[in-house]
$ cat entry_11.txt   # compact mmCIF, C-alpha atoms and all ligand atoms
# COMPACT_ATOMS: atom_id res chain seq x y z
CA MET Z 24 0.00 0.00 0.00
CA ILE Z 25 2.63 2.38 1.12
CA GLN Z 26 4.68 1.54 -1.96
CA ASP Z 27 1.67 2.29 -4.21
CA GLN Z 28 1.13 5.59 -2.55
CA THR Z 29 4.75 6.51 -2.96
CA ARG Z 30 4.66 5.65 -6.66
CA ARG Z 31 1.53 7.70 -7.22
CA LYS Z 32 3.15 10.61 -5.48
CA GLU Z 33 6.23 10.24 -7.65
CA ALA Z 34 4.13 10.04 -10.82
CA TYR Z 35 2.26 13.13 -9.71
CA ILE Z 36 5.51 14.97 -9.08
CA VAL Z 37 6.80 13.93 -12.50
CA MET Z 38 3.57 15.07 -14.18
CA ASP Z 39 3.62 18.29 -12.29
CA ALA Z 40 7.24 18.88 -13.26
CA GLY Z 41 6.40 18.17 -16.92
CA GLY Z 42 3.63 20.72 -16.77
CA ARG Z 43 5.92 23.30 -15.24
CA ILE Z 44 8.62 22.63 -17.81
CA GLU Z 45 6.08 23.16 -20.59
CA GLU Z 46 4.92 26.34 -18.94
CA ALA Z 47 8.50 27.47 -18.50
CA ASN Z 48 9.21 26.70 -22.17
CA ALA Z 49 6.17 28.63 -23.26
CA GLU Z 50 7.23 31.53 -21.06
CA ALA Z 51 10.75 31.35 -22.49
CA ALA Z 52 9.31 31.43 -26.03
CA ARG Z 53 7.17 34.45 -25.10
CA LEU Z 54 10.21 36.17 -23.68
CA ARG Z 55 12.21 35.41 -26.84
CA ARG Z 56 9.45 36.82 -28.98
CA ALA Z 57 9.24 39.89 -26.79
CA ARG Z 58 13.02 40.28 -26.98
CA ASP Z 59 13.00 39.87 -30.79
CA ASP Z 60 10.18 42.37 -31.00
CA LEU Z 61 12.07 44.80 -28.81
CA GLU Z 62 15.26 44.33 -30.81
CA GLN Z 63 13.34 44.95 -34.02
CA ARG Z 64 11.90 48.15 -32.58
CA VAL Z 65 15.29 49.29 -31.38
CA ARG Z 66 16.71 48.64 -34.89
CA GLU Z 67 13.87 50.60 -36.45
CA ARG Z 68 14.24 53.52 -34.06
CA THR Z 69 18.01 53.53 -34.54
CA ALA Z 70 17.56 53.62 -38.31
CA ALA Z 71 15.01 56.42 -38.00
CA LEU Z 72 17.36 58.36 -35.73
CA GLU Z 73 20.25 57.85 -38.15
CA ALA Z 74 18.07 59.06 -41.01
CA SER Z 75 16.98 62.16 -39.14
CA ASN Z 76 20.57 62.75 -38.07
CA GLN Z 77 21.67 62.59 -41.70
CA GLN Z 78 18.86 64.96 -42.60
CA LYS Z 79 20.01 67.33 -39.89
CA ASP Z 80 23.60 67.11 -41.16
CA ARG Z 81 22.40 67.88 -44.68
CA LEU Z 82 20.42 70.86 -43.43
CA VAL Z 83 23.39 72.16 -41.46
CA GLU Z 84 25.55 71.76 -44.56
CA GLU Z 85 22.99 73.60 -46.73
CA LEU Z 86 22.77 76.44 -44.22
CA ARG Z 87 26.54 76.63 -44.03
CA ARG Z 88 26.77 76.90 -47.82
CA ALA Z 89 23.97 79.51 -47.97
CA ASN Z 90 25.82 81.51 -45.35
CA GLU Z 91 29.06 81.27 -47.30
CA ALA Z 92 27.26 82.36 -50.49
CA LYS Z 93 25.83 85.34 -48.60
CA ASP Z 94 29.29 86.31 -47.29
CA GLU Z 95 30.75 85.97 -50.77
CA PHE Z 96 27.92 88.08 -52.16
CA LEU Z 97 28.42 90.81 -49.58
CA GLY Z 98 32.15 90.78 -50.37
CA LEU Z 99 31.46 91.15 -54.11
CA LEU Z 100 28.84 93.81 -53.54
CA SER Z 101 31.10 95.89 -51.30
CA HIS Z 102 33.91 95.53 -53.80
CA GLU Z 103 31.70 96.68 -56.69
CA LEU Z 104 30.24 99.60 -54.76
CA ARG Z 105 33.64 100.69 -53.48
CA THR Z 106 35.17 100.55 -56.96
CA SER Z 107 32.38 102.72 -58.37
CA MET Z 108 32.50 105.12 -55.41
CA THR Z 109 36.29 105.47 -55.68
CA LEU Z 110 36.07 106.33 -59.37
CA ILE Z 111 33.23 108.81 -58.84
CA TYR Z 112 34.91 110.43 -55.86
CA GLY Z 113 38.28 110.58 -57.61
CA GLY Z 114 36.79 112.14 -60.74
CA VAL Z 115 34.80 114.81 -58.94
CA GLN Z 116 37.71 115.64 -56.63
CA ALA Z 117 40.17 115.98 -59.53
CA VAL Z 118 37.92 118.41 -61.39
CA ARG Z 119 37.19 120.47 -58.30
CA ARG Z 120 40.80 120.66 -57.03
CA MET Z 121 42.50 121.27 -60.34
CA GLY Z 122 40.06 124.02 -61.17
CA ASP Z 123 41.33 126.05 -64.12
CA ARG Z 124 44.49 124.00 -64.55
CA ILE Z 125 42.57 121.13 -66.04
CA GLY Z 126 41.64 121.23 -69.75
CA THR Z 127 38.00 121.24 -70.82
CA GLN Z 128 38.47 117.98 -72.67
CA GLU Z 129 40.07 116.26 -69.72
CA ALA Z 130 37.38 117.53 -67.40
CA ALA Z 131 34.73 116.28 -69.80
CA SER Z 132 36.32 112.84 -69.96
CA LEU Z 133 36.53 112.65 -66.16
CA MET Z 134 32.88 113.65 -65.91
CA GLU Z 135 32.00 111.00 -68.49
CA ASN Z 136 33.59 108.38 -66.24
CA VAL Z 137 31.67 109.72 -63.29
CA GLU Z 138 28.46 109.49 -65.30
CA GLN Z 139 29.16 105.91 -66.40
CA GLU Z 140 30.00 104.77 -62.89
CA THR Z 141 26.92 106.44 -61.43
CA ASP Z 142 24.83 104.74 -64.09
CA ALA Z 143 26.45 101.35 -63.38
CA MET Z 144 25.82 101.77 -59.68
CA TYR Z 145 22.23 102.76 -60.28
CA ARG Z 146 21.69 99.70 -62.54
CA MET Z 147 23.26 97.39 -60.02
CA ILE Z 148 20.98 98.60 -57.25
CA GLU Z 149 18.02 98.30 -59.58
CA ASP Z 150 19.00 94.67 -60.36
CA LEU Z 151 19.33 93.92 -56.67
CA LEU Z 152 15.98 95.45 -55.82
CA ASN Z 153 14.19 93.60 -58.62
CA LEU Z 154 15.81 90.34 -57.64
CA ALA Z 155 14.73 90.81 -54.04
CA ARG Z 156 11.18 91.76 -55.08
CA LEU Z 157 10.77 88.79 -57.38
CA GLU Z 158 12.19 86.41 -54.80
CA LEU Z 159 9.60 87.64 -52.36
CA GLY Z 160 7.03 86.57 -54.95
CA GLU Z 161 5.94 89.96 -56.28
CA GLN Z 162 3.54 89.70 -59.23
CA LEU Z 163 4.15 91.88 -62.26
CA THR Z 164 1.48 93.95 -63.89
CA THR Z 165 1.81 93.07 -67.57
CA GLU Z 166 0.14 94.85 -70.47
CA PRO Z 167 0.39 94.68 -74.26
CA VAL Z 168 3.82 95.98 -75.26
CA LEU Z 169 5.17 96.62 -78.74
CA VAL Z 170 8.56 94.98 -78.36
CA GLN Z 171 9.85 96.50 -81.62
CA HIS Z 172 9.44 99.98 -80.07
CA VAL Z 173 11.15 98.98 -76.84
CA ILE Z 174 14.09 97.46 -78.77
CA ARG Z 175 14.54 100.44 -81.10
CA ARG Z 176 14.32 102.96 -78.28
CA PHE Z 177 16.76 100.96 -76.20
CA ALA Z 178 19.23 100.52 -79.10
CA ARG Z 179 19.14 104.27 -79.77
CA SER Z 180 19.86 105.27 -76.17
CA PHE Z 181 22.46 102.53 -75.67
CA GLY Z 182 24.20 103.46 -78.93
CA GLU Z 183 24.23 107.19 -78.17
CA SER Z 184 26.67 106.75 -75.30
CA ARG Z 185 28.74 104.19 -77.27
CA PRO Z 186 29.27 105.66 -80.72
CA LYS Z 187 31.77 102.95 -81.67
CA GLN Z 188 29.47 100.05 -80.92
CA GLU Z 189 27.82 98.70 -84.07
CA ILE Z 190 24.25 97.69 -83.25
CA VAL Z 191 22.21 95.94 -85.93
CA VAL Z 192 18.48 96.01 -85.21
CA ASP Z 193 16.36 93.48 -87.05
CA VAL Z 194 12.74 93.74 -85.92
CA PRO Z 195 9.63 93.72 -88.11
CA ASP Z 196 7.22 96.64 -87.83
CA ASP Z 197 4.14 94.47 -87.78
CA LEU Z 198 5.05 92.37 -84.77
CA GLU Z 199 2.07 91.56 -82.51
CA PRO Z 200 2.22 93.08 -79.04
CA ALA Z 201 3.64 90.94 -76.26
CA LEU Z 202 2.06 90.65 -72.84
CA ALA Z 203 4.89 92.11 -70.79
CA GLU Z 204 6.26 94.90 -68.61
CA ALA Z 205 8.16 97.34 -70.85
CA THR Z 206 10.66 98.47 -68.20
CA TYR Z 207 11.50 94.87 -67.38
CA VAL Z 208 12.01 94.00 -71.05
CA GLU Z 209 14.37 96.94 -71.24
CA GLN Z 210 16.20 95.82 -68.12
CA VAL Z 211 16.75 92.38 -69.64
CA LEU Z 212 18.12 93.98 -72.83
CA ARG Z 213 20.37 96.27 -70.80
CA ASN Z 214 21.85 93.36 -68.86
CA LEU Z 215 22.43 91.35 -72.02
CA MET Z 216 24.04 94.31 -73.81
CA SER Z 217 26.22 95.06 -70.83
CA ASN Z 218 27.54 91.50 -71.12
CA VAL Z 219 28.25 91.98 -74.83
CA GLU Z 220 30.12 95.15 -73.96
CA LYS Z 221 32.19 93.37 -71.32
CA TYR Z 222 32.86 90.02 -72.96
CA ALA Z 223 32.83 90.50 -76.75
CA PRO Z 224 35.76 92.26 -78.48
CA PRO Z 225 35.32 96.05 -78.61
CA GLU Z 226 33.68 97.25 -81.79
CA SER Z 227 32.48 93.78 -82.81
CA PRO Z 228 28.89 94.06 -84.07
CA VAL Z 229 25.91 93.06 -81.96
CA GLU Z 230 22.51 92.17 -83.35
CA LEU Z 231 19.10 92.64 -81.78
CA ARG Z 232 16.32 90.56 -83.29
CA ALA Z 233 12.65 90.03 -82.61
CA ALA Z 234 10.19 87.77 -84.40
CA ARG Z 235 6.99 85.88 -83.89
CA ASN Z 236 7.74 82.35 -82.70
CA GLY Z 237 4.84 80.05 -83.56
CA GLY Z 238 1.37 81.19 -82.56
CA THR Z 239 1.84 82.23 -78.98
CA GLU Z 240 5.29 83.75 -78.45
CA ILE Z 241 7.52 86.64 -79.41
CA LEU Z 242 11.18 85.62 -79.63
CA ILE Z 243 13.84 88.21 -78.86
CA SER Z 244 17.56 87.54 -79.37
CA VAL Z 245 20.83 89.31 -78.69
CA LEU Z 246 23.71 87.98 -80.80
CA ASP Z 247 27.36 88.82 -80.32
CA ARG Z 248 30.74 87.78 -81.73
CA GLY Z 249 32.44 87.22 -78.39
CA PRO Z 250 34.02 84.07 -76.91
CA GLY Z 251 30.64 82.42 -76.20
CA ILE Z 252 30.02 80.24 -73.12
CA PRO Z 253 31.18 76.60 -72.95
CA GLU Z 254 28.29 74.14 -73.12
CA GLU Z 255 28.86 72.76 -69.62
CA GLU Z 256 28.41 76.24 -68.13
CA ARG Z 257 25.37 77.34 -70.13
CA ASP Z 258 22.91 76.52 -67.32
CA ALA Z 259 25.19 77.51 -64.47
CA VAL Z 260 25.66 81.11 -65.65
CA PHE Z 261 21.97 81.71 -64.86
CA GLU Z 262 22.66 80.86 -61.23
CA ARG Z 263 23.28 83.67 -58.79
CA PHE Z 264 26.88 84.93 -58.63
CA TYR Z 265 28.14 82.35 -61.12
CA ARG Z 266 30.80 83.61 -63.53
CA SER Z 267 32.34 81.50 -66.29
CA ARG Z 268 35.78 80.02 -65.61
CA GLN Z 269 36.99 81.45 -68.91
CA THR Z 270 36.10 85.00 -67.87
CA PRO Z 271 39.14 86.90 -66.55
CA LYS Z 272 38.77 88.10 -62.94
CA ARG Z 273 39.76 91.64 -63.92
CA VAL Z 274 36.49 92.08 -65.87
CA ARG Z 275 34.15 93.55 -63.29
CA GLY Z 276 30.91 91.80 -62.44
CA MET Z 277 28.97 89.98 -59.75
CA GLY Z 278 27.42 87.15 -61.76
CA MET Z 279 23.99 88.59 -61.15
CA GLY Z 280 22.93 89.91 -64.58
CA LEU Z 281 21.75 86.67 -66.16
CA THR Z 282 20.01 85.61 -62.94
CA VAL Z 283 18.05 88.84 -62.99
CA CYS Z 284 17.24 88.32 -66.69
CA LYS Z 285 15.94 84.82 -66.01
CA ARG Z 286 13.78 85.94 -63.12
CA LEU Z 287 12.38 88.90 -65.07
CA VAL Z 288 11.64 86.81 -68.16
CA GLU Z 289 10.02 84.03 -66.14
CA ALA Z 290 7.94 86.53 -64.16
CA GLN Z 291 6.57 87.58 -67.57
CA ARG Z 292 5.84 83.92 -68.38
CA GLY Z 293 8.70 83.60 -70.85
CA ARG Z 294 11.82 81.43 -71.19
CA ILE Z 295 15.47 82.36 -71.68
CA TRP Z 296 18.39 80.29 -73.00
CA LEU Z 297 21.83 80.47 -74.59
CA ALA Z 298 23.17 79.00 -77.81
CA PRO Z 299 26.50 79.12 -79.61
CA ARG Z 300 26.65 80.84 -83.03
CA ASP Z 301 27.97 79.27 -86.21
CA GLN Z 302 30.81 81.68 -86.84
CA GLY Z 303 31.53 82.05 -83.11
CA GLY Z 304 29.81 84.15 -80.47
CA LEU Z 305 26.80 83.85 -78.25
CA GLU Z 306 23.09 84.02 -78.95
CA VAL Z 307 20.89 84.79 -75.96
CA SER Z 308 17.19 84.33 -76.66
CA PHE Z 309 14.11 84.91 -74.60
CA THR Z 310 10.40 84.66 -75.25
CA LEU Z 311 7.39 86.66 -74.16
CA PRO Z 312 3.78 85.57 -74.60
CA VAL Z 313 1.81 87.25 -77.38
CA ALA Z 314 -0.94 89.50 -76.01
CA LEU Z 315 -3.86 87.60 -77.46
CA ASN Z 316 -6.29 90.50 -77.23
CA GLY Z 317 -3.89 92.79 -79.09
CA LEU Z 318 -3.65 96.33 -77.82
CA GLY Z 319 -7.33 96.48 -77.07
CA ASN Z 320 -7.25 95.07 -73.52
N1 LIG Z 401 27.86 87.63 -74.06
C1 LIG Z 401 28.65 86.84 -73.32
N2 LIG Z 401 29.78 86.27 -73.85
C2 LIG Z 401 30.57 85.47 -73.10
N3 LIG Z 401 30.36 85.17 -71.80
C3 LIG Z 401 29.26 85.71 -71.21
C4 LIG Z 401 28.35 86.55 -71.94
N4 LIG Z 401 27.37 86.92 -71.10
C5 LIG Z 401 27.63 86.33 -69.92
N5 LIG Z 401 28.78 85.61 -69.97
C6 LIG Z 401 29.36 84.80 -68.87
O1 LIG Z 401 28.32 84.54 -67.93
C7 LIG Z 401 28.68 85.03 -66.64
C8 LIG Z 401 27.45 85.52 -65.91
O2 LIG Z 401 26.96 86.70 -66.52
P1 LIG Z 401 26.16 87.73 -65.62
O3 LIG Z 401 25.16 86.98 -64.84
O4 LIG Z 401 25.68 88.84 -66.49
O5 LIG Z 401 27.25 88.26 -64.58
P2 LIG Z 401 28.47 89.27 -64.72
O6 LIG Z 401 28.41 89.92 -66.06
O7 LIG Z 401 28.30 90.23 -63.60
O8 LIG Z 401 29.68 88.42 -64.55
C9 LIG Z 401 29.72 86.10 -66.91
O9 LIG Z 401 30.57 86.25 -65.81
C10 LIG Z 401 30.45 85.53 -68.12
O10 LIG Z 401 31.38 84.58 -67.66
MG MG Z 402 26.48 90.79 -66.62
$ encode --input "entry_11.txt" --output "structure tokens"
Amino acid sequence: MIQDQTRRKEAYIVMDAGGRIEEANAEAARLRRARDDLEQRVRERTAALEASNQQKDRLVEELRRANEAKDEFLGLLSHELRTSMTLIYGGVQAVRRMGDRIGTQEAASLMENVEQETDAMYRMIEDLLNLARLELGEQLTTEPVLVQHVIRRFARSFGESRPKQEIVVDVPDDLEPALAEATYVEQVLRNLMSNVEKYAPPESPVELRAARNGGTEILISVLDRGPGIPEEERDAVFERFYRSRQTPKRVRGMGMGLTVCKRLVEAQRGRIWLAPRDQGGLEVSFTLPVALNGLGN
């Protein structure tokens, strides 16, 4: 009897132990799953953190570059303004101090320099202001504009102060009006012509053309016989402060003119691009939309 009881007790203990082992195994499996789950979450969070860290690094890098570009810009701007101011100040001072001892011709030539520098400074500030306005999202007020008139008027006034510059104007009289802002069209032309003046050989001819381009656009081009712009830089020169590697440092400029042109043209719903010319030189073209209601709106 006692033996039987002992055996039953033992069997019970064995069964009980089996049950506990199963339970313990199940618990261990649960724990493993929980651990795997946790590890997976840690991996995911780590990856997310790394990604956001990389994003932060990129942002810091972008800000650093923007800050550098701003410093470079301020450096260029101060240099340009100081150069102009020095020439203006020097010219005025020379005329005033020398009084009668200076010849009329010499005085006139000094004053001409002063006038040119004042004009350049004025244009530069105008470019800067327009750039700032357009970057703040200012809308233009466009109206029908006879581009042929704007081009002829501009060529006349530009040519008057540069009697040696040959300007060929090729614009039809019966061109449809463009939907544009006349002063902005003129500012684009002025920037493009100032480049021709700086980069093409002196006294090489420049051509101004306008024509209807398909049904909806007026195409305006400025063509020079200068060194042109290498293909790999033809997009970059439209970026702010970019100057071609082939352009000598001594030629003054801030790399802002073409950026301003692009912004002005695009604000008038046009496009602008560069192309090389067959016999050498650069062709800068831009479009303006045709004013579909003619001059009547
Ligand atoms: N007509 C041109 N012929 C040759 N290179 C040009 C011409 N126009 C512009 N470029 C090049 O494009 C660059 C950018 O022009 P722009 O934005 O007007 O700036 P900037 O004249 O102040 O340098 C110039 O520095 C020059 O390298
Ligand atoms: Mg320029």
$ closest_residue --input "entry_11.txt" --among "Z:Ala314, Z:Val191, Z:Leu242, Z:Met147" --to "ligand MG 402 (chain Z)" --atoms "all atoms listed in the file"
Z:Met147
$ residues_around --input "entry_11.txt" --residues "Pro271 in chain Z" --least-positions-apart "6" --cutoff "12 Å" --atoms "only C-alpha atoms" --output "VMD selection string"
chain Z and resid 221 to 222 250
$ closest_residue --input "entry_11.txt" --among "Z:Arg292, Z:Arg263, Z:Arg119, Z:Arg268" --to "Ala201 in chain Z" --atoms "all atoms listed in the file"
Z:Arg292
$ residues_near_ligand --input "entry_11.txt" --ligand "ligand MG 402 (chain Z)" --cutoff "12 Å" --atoms "all atoms listed in the file" --output "JSON, numbers by chain"
{"Z": [143, 146, 147, 150, 210, 211, 212, 213, 214, 215, 216, 217, 218, 219, 220, 221, 222, 223, 260, 261, 262, 263, 264, 265, 266, 267, 270, 274, 275, 276, 277, 278, 279, 280, 281, 282, 283, 284]}
$ closest_residue --input "entry_11.txt" --among "Z:Val229, Z:Ile241, Z:Leu97, Z:Ala51" --to "ligand LIG 401 (chain Z)" --atoms "only C-alpha atoms and all ligand atoms"
Z:Val229
$ residues_near_point --input "entry_11.txt" --point "(36.4, 116.0, -60.2)" --cutoff "12 Å" --atoms "all atoms listed in the file" --output "PyMOL selection string"
chain Z and resi 109-123+125+127+129-138
$ closest_residue --input "entry_11.txt" --among "Z:Val288, Z:Val194, Z:Ala40, Z:Val307" --to "ligand LIG 401 (chain Z)" --atoms "all atoms listed in the file"
Z:Val307
$ closest_residue --input "entry_11.txt" --among "Z:Lys79, Z:Arg294, Z:Arg64, Z:Lys285" --to "ligand LIG 401 (chain Z)" --atoms "all atoms listed in the file"
Z:Lys285
$ closest_residue --input "entry_11.txt" --among "Z:Glu226, Z:Glu199, Z:Glu204, Z:Asp60" --to "Asp247 in chain Z" --atoms "all atoms listed in the file"
Z:Glu226
$ residues_near_point --input "entry_11.txt" --point "(10.1, 95.6, -89.4)" --cutoff "12 Å" --atoms "all atoms listed in the file" --output "VMD selection string"
chain Z and resid 169 to 172 174 to 175 192 to 199 232 to 235
$ atom_distance --input "entry_11.txt" --atom1 "CA of Gly160 in chain Z" --atom2 "CA of Ile148 in chain Z"
18.6 Å
$ axis_aligned_box --input "entry_11.txt" --around "ligand LIG 401 (chain Z)" --padding-each-side "3 Å" --output "JSON"
{"center_x": 28.3, "center_y": 87.4, "center_z": -68.8, "size_x": 12.2, "size_y": 11.7, "size_z": 16.5}
$ residues_around --input "entry_11.txt" --residues "Val173 in chain Z" --least-positions-apart "6" --cutoff "9 Å" --atoms "only C-alpha atoms" --output "PyMOL selection string"
chain Z and resi 205-206+208-209
$ residues_around --input "entry_11.txt" --residues "Pro228 in chain Z" --least-positions-apart "3" --cutoff "9 Å" --atoms "all atoms listed in the file" --output "JSON, numbers by chain"
{"Z": [188, 189, 190, 191, 225, 246, 247, 248]}
$ decode --input "entry_11.txt" --residues "range 141-172 of chain Z" --atoms "C-alpha atoms" --output "PDB file, in the first residue's frame"
ATOM      1  CA  THR Z 141      26.923 106.443 -61.430  1.00  0.00           C
ATOM      2  CA  ASP Z 142      24.825 104.740 -64.086  1.00  0.00           C
ATOM      3  CA  ALA Z 143      26.454 101.354 -63.383  1.00  0.00           C
ATOM      4  CA  MET Z 144      25.824 101.772 -59.675  1.00  0.00           C
ATOM      5  CA  TYR Z 145      22.231 102.755 -60.284  1.00  0.00           C
ATOM      6  CA  ARG Z 146      21.687  99.696 -62.540  1.00  0.00           C
ATOM      7  CA  MET Z 147      23.258  97.393 -60.016  1.00  0.00           C
ATOM      8  CA  ILE Z 148      20.982  98.598 -57.249  1.00  0.00           C
ATOM      9  CA  GLU Z 149      18.021  98.299 -59.585  1.00  0.00           C
ATOM     10  CA  ASP Z 150      19.004  94.675 -60.356  1.00  0.00           C
ATOM     11  CA  LEU Z 151      19.329  93.917 -56.668  1.00  0.00           C
ATOM     12  CA  LEU Z 152      15.979  95.454 -55.824  1.00  0.00           C
ATOM     13  CA  ASN Z 153      14.190  93.602 -58.618  1.00  0.00           C
ATOM     14  CA  LEU Z 154      15.808  90.335 -57.639  1.00  0.00           C
ATOM     15  CA  ALA Z 155      14.731  90.814 -54.037  1.00  0.00           C
ATOM     16  CA  ARG Z 156      11.185  91.765 -55.076  1.00  0.00           C
ATOM     17  CA  LEU Z 157      10.774  88.790 -57.382  1.00  0.00           C
ATOM     18  CA  GLU Z 158      12.192  86.414 -54.796  1.00  0.00           C
ATOM     19  CA  LEU Z 159       9.600  87.645 -52.356  1.00  0.00           C
ATOM     20  CA  GLY Z 160       7.025  86.569 -54.954  1.00  0.00           C
ATOM     21  CA  GLU Z 161       5.936  89.957 -56.277  1.00  0.00           C
ATOM     22  CA  GLN Z 162       3.545  89.699 -59.227  1.00  0.00           C
ATOM     23  CA  LEU Z 163       4.154  91.884 -62.263  1.00  0.00           C
ATOM     24  CA  THR Z 164       1.483  93.951 -63.891  1.00  0.00           C
ATOM     25  CA  THR Z 165       1.808  93.073 -67.570  1.00  0.00           C
ATOM     26  CA  GLU Z 166       0.139  94.855 -70.471  1.00  0.00           C
ATOM     27  CA  PRO Z 167       0.386  94.680 -74.265  1.00  0.00           C
ATOM     28  CA  VAL Z 168       3.816  95.983 -75.261  1.00  0.00           C
ATOM     29  CA  LEU Z 169       5.174  96.623 -78.742  1.00  0.00           C
ATOM     30  CA  VAL Z 170       8.556  94.984 -78.356  1.00  0.00           C
ATOM     31  CA  GLN Z 171       9.846  96.503 -81.620  1.00  0.00           C
ATOM     32  CA  HIS Z 172       9.443  99.982 -80.070  1.00  0.00           C
TER      33      HIS Z 172
END
